[in-house]
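A.B. asks: Mind having a look at this structure? Questions to follow.
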Amino acid sequence: AEVHDLVWPTDRIGVLIAAEDLASADRPLVVGGRTQNEYVAKHIAGSVNVPLNRWQERIGELPRDRRIMLHCAGGYRSSVAASVLHQYGLTHLTEVAGGLAAWEAAQLPIVSGA
């Protein structure tokens, strides 16, 4: 395979656009790629969390018929997760640029604690 066939572009969106998207009728599923402790400490309401080291075993739980919005703490792990999902044929993805750090910096709502 050519190298460019192995790298997929994923739409990266800013947190304000992400927040608008979550308020829309066609709301994507928000999937975080952080540790369980990070998720419990703070997360976006309605999001599910799949720690990065569990992606391959849990990929079957993710819907193929719905858009998926990926985020992590700062942006690196969601890029890795996007690559994994693309390899499994899940391509209707957006990534939140800057992750949860940017989300918090924009003073968007966060759920804290279990």
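Residues in the structure tokens are named by chain (A, B, ... in the order shown) and by number from 1 within that chain; ligands are numbered from 1 in the order shown.
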Which polymer residues have any atom within 6 Å of an atom of region 93-101 of chain A, counting only C-alpha atoms, with same-chain residues fewer than 2 positions away left out, as number ranges by chain?
C.D. replies: A: 10-14, 67-75, 91, 103-104
A.B. asks: Identify, with DSSP run on backbone atoms, the residues in chain A assigned to helix (DSSP H, G or I), and express the list as a PyMOL selection string.
C.D. replies: chain A and resi 3-5+15-22+36-41+52-61+76-87+99-105
A.B. asks: Residues near Val50 (chain A), anyone? I mean within 7 Å using only C-alpha atoms, not counting same-chain ones fewer than 5 positions away, as JSON, numbers by chain.
C.D. replies: {"A": [31, 32, 33, 34, 55]}
A.B. asks: Once DSSP has gone over the backbone, tell me which residues of chain A are in strand (DSSP E), as a VMD selection string.
C.D. replies: chain A and resid 11 to 13 29 to 32 42 to 43 48 to 49 68 to 71 93 to 96 111 to 112
A.B. asks: Write out as number ranges by chain the residues lying within 12 Å of Val84 (chain A), counting only C-alpha atoms and excluding same-chain residues fewer than 4 positions away.
C.D. replies: A: 6-8, 10, 33, 52-59, 70, 77-80, 88-91, 93
A.B. asks: Between CA of Pro28 (chain A) and CA of Ser47 (chain A), what is the spacing in Å?
C.D. replies: 9.7 Å
A.B. asks: List the neighbours of Ala106 (chain A) out to 8 Å using only C-alpha atoms; skip same-chain residues closer than 3 positions along the sequence, and give me the result as a PDB file with C-alpha atoms, in the first residue's frame.
C.D. replies:
ATOM      1  CA  VAL A  15     -14.566  23.258  20.923  1.00  0.00           C
ATOM      2  CA  LEU A  16     -17.201  25.905  20.174  1.00  0.00           C
ATOM      3  CA  ALA A 102      -9.531  23.415  25.298  1.00  0.00           C
ATOM      4  CA  TRP A 103     -13.144  22.537  26.221  1.00  0.00           C
TER       5      TRP A 103
END
A.B. asks: One decimal, in Å: what's the spacing between CA of Val111 (chain A) and CA of Ala45 (chain A)?
C.D. replies: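 CA of Ala45 (chain A) lies at a distance of 5.9 Å from CA of Val111 (chain A).
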A.B. asks: For Asn37 (chain A), work out the shell of residues within 10 Å, counting only C-alpha atoms and skipping chain neighbours fewer than 4 positions away, then give it as a list of chain:residue names.
C.D. replies: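 Contacts, with the query itself left out: A:Ala41, A:Lys42, A:Pro51, A:Gly113, A:Ala114.
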A.B. asks: Let me make sure I understand: among A:Gln36, A:Val30, A:Ala18, A:Asp65, which one has the smallest atom-to-atom distance to Val48 (chain A) if we use only C-alpha atoms?
C.D. replies: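 Of A:Gln36, A:Val30, A:Ala18, A:Asp65, the one nearest Val48 (chain A), counting only C-alpha atoms, is A:Val30.
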A.B. asks: Interatomic distance between CA of Gly60 (chain A) and CA of Gly46 (chain A)?
C.D. replies: 19.1 Å
